[in-house]
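Asker: Got a structure for you, questions after.
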Amino acid sequence: MKALRCRECGREYPLVATHVCEFDFGPLEVVYDYGRIKKSLTHEAIQSRPHSMWRYRELLPVAHGPTVGCQVGFTPLVKADRLAKALGIRECWVKNDTVNYPTLSFKDRVVSVALSRARELGFTTVACASTGNLANSVAANAAAAGLKAYVFIPADLEQGKVVNSLVYGARVVGIHGHYDEVNRLCAEIAGKYGWAFVNVNMRPYYAEGSKTMAFEIVEQLGWKVPPHTVVCMASGSLLTKIHKGYQECIKLGLAAEAEYQIHGAQATGCAPISIAQKAGLDFFKPVKPNTIAKSLAIGTPADGFYALKTMKETGGSAEDVTDDEIREGIRLLAECEGIFSETAGGVTVGVARKLIASGKIPARDAAVLCITGHGLKTLDAVNGAVGHPREIKPSLREFEGLLEAESLSTVNT
Amino acid sequence: MPTKIRIPTPLRKLTNNEDVVEVSAATVGDAIVALQSRYPGIQERLLDDTGAVRRFVNVYVNEEDIRFLQNQKTQLKDGDEISIIPAIAGG
């Protein structure tokens with residue numbers, strides 16, 4: 001780490017807890033000394049380290065190594081042959097962050113970085129504005145690190161996500177309003193109290209954690225950048241950081257120079273970035289979210305502008321899917337690969353299907369789908385849409401009757 | 001018609017560390033002009049060369065994003081509150 005730099009105007013700032021340029025409010029980003037990193041971060045060095053996201057620690061913004069979430073990451077990259085067939089593409093991979101440690105979403109990556117850095121900067125209270133997954137991760141990782149946590153969420157969040165924050169002893173504040181309103185309030189709170197807000201004043205550090213998903217994909221593919229990557233978009237941050245991660249791998253010689261496209265996925269009920277991309281615009285219009293994909297329900301996406309830029313630069317596309325298509329995507333991933341994703345993953349699968357059908361992702365190619373959170377967190381979204389158990393008495397005759405009825409109905413259909 | 005404007009941390013150096021400033025203005029655009037006359041230099045932090053609100057600046061009137069209202073033409077009435085807030089990453 002050398003400094004923080006504004007992505008808009010290039011002004012530099014010291015490595016403290018601050019997130020926007022004082023001049024134009026542009027987001028600040030960590031600057032690294034790549035020349036130096038290239039000397040130590042080799043294939044051999046990485047492969048000799050533990051299987052966690054911290055095996056790429058030179059590319060993460062902490063001064064003295066991780067102290068929170070040392071086991072996070074290195075989730076499976078699953079070769080999804082059955083899903084590939086269902087989607088009509090030659091080769092498909094699922095980056096399975098539904099089993100990330102400890103809270104079953106990709107947010108454990110960003111929180112591990114943010115809290116490790118927050119400790120280095122001397123904070124004892126951490127906080128976040130969240131659509132749920134981030135709240136779970138901040139609550140859990142703060143508990144394990146002995147930090148005090150405040151998490152702010154929309155009050156109407158899925159019960160699974162609320163309980164998953166409360167259980168760790170975090171102070172959970174439900175706001176009557178959607179995420180953009182939670183965000184606005186948190187920006188004001190962060191300005192007033194001396195807390196480490198992971199996605200406000202700690203954002204430059206926090207956001208870098210997402211790159212590890214890209215590093216792992218590259219390593220798990222045998223040090224190759226995949227030709228297509230499909231990523232869901234809420235603020236759009238993950239999509240831009242996957243791109244940055246691939247770029248860093250190429251820059252450092254960890255992967256060969258390659259053409260690749262990054263595609264963005266949103267829910268039709270909250271699709272400001274997708275709408276703008278499809279209209280060929282480089283700016284988005286904010287929307288009021290209304291979708292079952294609550295973890296993606298950000299109507300004013302902070303990184304929307306850069307997400308559009310990333311898709312344009314890589315030749316990627318955006319698309320969006322309805323609530324029914326989201327449920328269908330969740331089912332498809334579960335039935336083909338045995339992976340139960342939350343609604344955001346249903347969005348990614350549904351959008352991948354659309355992009356393959358329209359030829360924007362050619363059927364002869366290979367694609368990686370980034371699946372970011374576990375389905376047990378959003379049971380309400382699919383409850384009732386995946387059938388019901390058939391109930392019988394504990395009698396063999398009844399069971400055989402059931403089987404017979406089933407085989408008849410199979411024959412009939 | 002006094003309107004309260006909440007000043008975000010990055011801009012308080014320009015407002016002598018005041019976090020709330022009161023101005024009299026008929027619209028959001030007028031409020032920015034009034035702010036500029038009292039705290040020279042603040043306008044170019046909020047607006048780009050074309051006079052539009054900068055990409056990473058969000059402006060709210062009574063908690064509503066002005067992009068859902070009439071942007072800088074949004075009318076102000078007595079007791080309205082304007083918040084100026086940098087965009088934030090997701091969660």
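Ligands are numbered from 1 in the order shown, chains are lettered A, B, ... in the order of the structure tokens, and residues start at 1 in each chain.
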Near chain B, which residues of chain A fall within 9 Å when you count only C-alpha atoms, and what do they look like as a PyMOL selection string?
Answerer: chain A and resi 19-27+107+128-135+179+181+183-184+187-188+191-192+199-200+203+207+234-237+283+285-287+295-296+298+300-303+305
Asker: Need the shell around range 254-269 of chain A: protein/DNA/RNA residues with any atom at most 6 Å away, counting only C-alpha atoms. Skip same-chain ones fewer than 2 positions apart. Format as a list in words?
Answerer: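 Everything that qualifies: Trp223, Lys224, Pro227, His228, Thr229, Val230, Val231, Cys232, Met233, Cys249, Ile250, Leu252, Ala271, Pro289, Asn290, Thr291, Met311, Thr314, Gly315, Gly316, Ser317, Ala318, Glu319, Asp320, Val321, Thr322, Thr348 and Val351 of chain A.
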Asker: For those residues, write N, CA and C atoms to a file as a compact mmCIF listing (two decimals), in the first residue's frame.
Answerer:
```txt
# COMPACT_ATOMS: atom_id res chain seq x y z
N TRP A 223 -4.35 -20.84 -13.55
CA TRP A 223 -3.76 -19.53 -13.87
C TRP A 223 -4.21 -19.01 -15.24
N LYS A 224 -5.52 -19.10 -15.45
CA LYS A 224 -6.11 -18.56 -16.68
C LYS A 224 -7.27 -17.63 -16.32
N PRO A 227 -12.90 -16.57 -20.31
CA PRO A 227 -13.37 -15.64 -21.34
C PRO A 227 -14.65 -14.88 -20.95
N HIS A 228 -15.48 -15.52 -20.10
CA HIS A 228 -16.72 -14.84 -19.66
C HIS A 228 -16.93 -15.03 -18.17
N THR A 229 -17.27 -13.95 -17.49
CA THR A 229 -17.61 -14.04 -16.08
C THR A 229 -18.93 -13.30 -15.88
N VAL A 230 -19.87 -13.95 -15.20
CA VAL A 230 -21.16 -13.32 -14.94
C VAL A 230 -21.24 -13.00 -13.44
N VAL A 231 -21.50 -11.73 -13.15
CA VAL A 231 -21.46 -11.24 -11.77
C VAL A 231 -22.75 -10.47 -11.48
N CYS A 232 -23.35 -10.72 -10.32
CA CYS A 232 -24.53 -9.94 -9.96
C CYS A 232 -24.11 -8.55 -9.49
N MET A 233 -25.01 -7.59 -9.67
CA MET A 233 -24.69 -6.21 -9.34
C MET A 233 -25.71 -5.62 -8.37
N CYS A 249 -3.72 -9.85 -12.00
CA CYS A 249 -3.12 -11.15 -12.30
C CYS A 249 -2.29 -11.06 -13.59
N ILE A 250 -2.83 -10.35 -14.58
CA ILE A 250 -2.13 -10.22 -15.86
C ILE A 250 -0.90 -9.32 -15.68
N LEU A 252 0.88 -8.77 -13.09
CA LEU A 252 1.94 -9.38 -12.29
C LEU A 252 2.48 -10.66 -12.92
N ALA A 271 -33.03 -2.48 -11.55
CA ALA A 271 -32.05 -2.69 -12.62
C ALA A 271 -31.46 -1.39 -13.18
N PRO A 289 -36.34 0.30 -5.63
CA PRO A 289 -36.31 -1.16 -5.78
C PRO A 289 -37.62 -1.85 -5.40
N ASN A 290 -37.94 -2.91 -6.15
CA ASN A 290 -39.07 -3.78 -5.81
C ASN A 290 -38.78 -5.16 -6.38
N THR A 291 -38.07 -5.98 -5.61
CA THR A 291 -37.67 -7.31 -6.08
C THR A 291 -37.46 -8.25 -4.91
N MET A 311 -17.94 -2.93 -18.07
CA MET A 311 -18.61 -3.75 -19.09
C MET A 311 -18.27 -3.23 -20.48
N THR A 314 -14.60 -4.19 -21.39
CA THR A 314 -14.35 -5.61 -21.64
C THR A 314 -15.28 -6.18 -22.71
N GLY A 315 -16.22 -5.36 -23.20
CA GLY A 315 -17.17 -5.86 -24.19
C GLY A 315 -18.25 -6.72 -23.58
N GLY A 316 -18.45 -6.60 -22.29
CA GLY A 316 -19.48 -7.38 -21.61
C GLY A 316 -20.86 -6.77 -21.76
N SER A 317 -21.87 -7.53 -21.31
CA SER A 317 -23.26 -7.08 -21.41
C SER A 317 -23.93 -7.14 -20.05
N ALA A 318 -25.05 -6.44 -19.93
CA ALA A 318 -25.86 -6.56 -18.72
C ALA A 318 -27.24 -7.07 -19.12
N GLU A 319 -27.89 -7.69 -18.16
CA GLU A 319 -29.25 -8.18 -18.40
C GLU A 319 -29.94 -8.26 -17.05
N ASP A 320 -31.27 -8.35 -17.07
CA ASP A 320 -31.99 -8.47 -15.80
C ASP A 320 -33.12 -9.49 -15.93
N VAL A 321 -33.52 -10.04 -14.79
CA VAL A 321 -34.53 -11.11 -14.78
C VAL A 321 -35.61 -10.83 -13.74
N THR A 322 -36.81 -11.35 -14.02
CA THR A 322 -37.96 -11.15 -13.14
C THR A 322 -37.88 -12.05 -11.90
N THR A 348 -28.03 -14.30 -11.14
CA THR A 348 -26.85 -14.58 -11.96
C THR A 348 -27.11 -15.72 -12.95
N VAL A 351 -29.68 -14.59 -15.63
CA VAL A 351 -29.07 -13.68 -16.60
C VAL A 351 -28.09 -14.43 -17.52
```
Asker: Among range 269-323 of chain A, which ones does DSSP assign to strand (DSSP E) (computed from the backbone)? Answer as a list in words.
Answerer: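 Reading the DSSP output for range 269-323 of chain A, strand (DSSP E) covers Ala318, Glu319, Asp320 and Val321 of chain A.
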Asker: Could you tell me, as a PyMOL selection string, which residues of chain B DSSP assigns to alpha helix (DSSP H) when given the backbone?
Answerer: chain B and resi 28-38+42-46
Asker: Would you list the contacts of range 30-34 of chain B as a list in words, taking every protein, DNA or RNA residue within 10 Å and counting only C-alpha atoms, but skipping same-chain residues closer than 3 positions in sequence?
Answerer: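 So, after excluding close chain neighbours, the residues are Pro2, Thr3, Lys4, Ile5, Glu22, Val23, Ser24, Ala25, Ala26, Thr27, Ser37, Arg38, Tyr39, Pro40, Ile42, Gln43, Leu46, Leu47, Gln72, Lys73, Thr74, Gln75, Leu76 and Ile82 of chain B.
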Asker: Write out as a VMD selection string which residues come within 9 Å of Leu28 in chain A when counting only C-alpha atoms, dropping same-chain ones fewer than 6 positions away.
Answerer: chain A and resid 4 to 8 10 to 13 18 to 21 203 to 204
Asker: For N, CA and C atoms, I'd like the residues from the last selection saved as a CSV table (one decimal), in the first residue's frame.
Answerer:
```
chain,number,residue,atom,x,y,z
A,4,LEU,N,-3.9,6.4,-0.8
A,4,LEU,CA,-5.3,6.4,-1.3
A,4,LEU,C,-5.3,7.4,-2.4
A,5,ARG,N,-5.9,7.0,-3.5
A,5,ARG,CA,-6.0,8.0,-4.7
A,5,ARG,C,-7.4,8.1,-5.2
A,6,CYS,N,-7.8,9.3,-5.6
A,6,CYS,CA,-9.2,9.5,-6.1
A,6,CYS,C,-9.3,9.0,-7.5
A,7,ARG,N,-10.3,8.2,-7.8
A,7,ARG,CA,-10.5,7.6,-9.1
A,7,ARG,C,-10.9,8.6,-10.1
A,8,GLU,N,-11.4,9.7,-9.7
A,8,GLU,CA,-11.8,10.8,-10.6
A,8,GLU,C,-10.7,11.7,-11.0
A,10,GLY,N,-7.4,11.8,-9.3
A,10,GLY,CA,-6.0,11.4,-9.0
A,10,GLY,C,-5.4,12.0,-7.8
A,11,ARG,N,-6.1,12.9,-7.1
A,11,ARG,CA,-5.5,13.5,-5.9
A,11,ARG,C,-5.2,12.3,-4.9
A,12,GLU,N,-4.1,12.4,-4.2
A,12,GLU,CA,-3.7,11.4,-3.2
A,12,GLU,C,-4.0,11.8,-1.8
A,13,TYR,N,-4.3,10.7,-1.0
A,13,TYR,CA,-4.6,11.0,0.4
A,13,TYR,C,-3.8,9.9,1.3
A,18,THR,N,-10.9,7.1,5.4
A,18,THR,CA,-11.6,8.1,4.6
A,18,THR,C,-11.9,7.5,3.3
A,19,HIS,N,-13.0,7.9,2.7
A,19,HIS,CA,-13.5,7.2,1.5
A,19,HIS,C,-13.8,8.1,0.3
A,20,VAL,N,-13.9,9.4,0.4
A,20,VAL,CA,-14.2,10.2,-0.8
A,20,VAL,C,-13.2,11.3,-0.9
A,21,CYS,N,-13.0,11.7,-2.1
A,21,CYS,CA,-12.1,12.8,-2.4
A,21,CYS,C,-12.7,14.1,-1.9
A,203,ARG,N,-14.4,2.1,3.1
A,203,ARG,CA,-14.7,1.5,1.8
A,203,ARG,C,-13.4,1.2,0.9
A,204,PRO,N,-12.4,2.1,0.9
A,204,PRO,CA,-11.3,1.8,0.0
A,204,PRO,C,-10.6,0.5,0.3
```
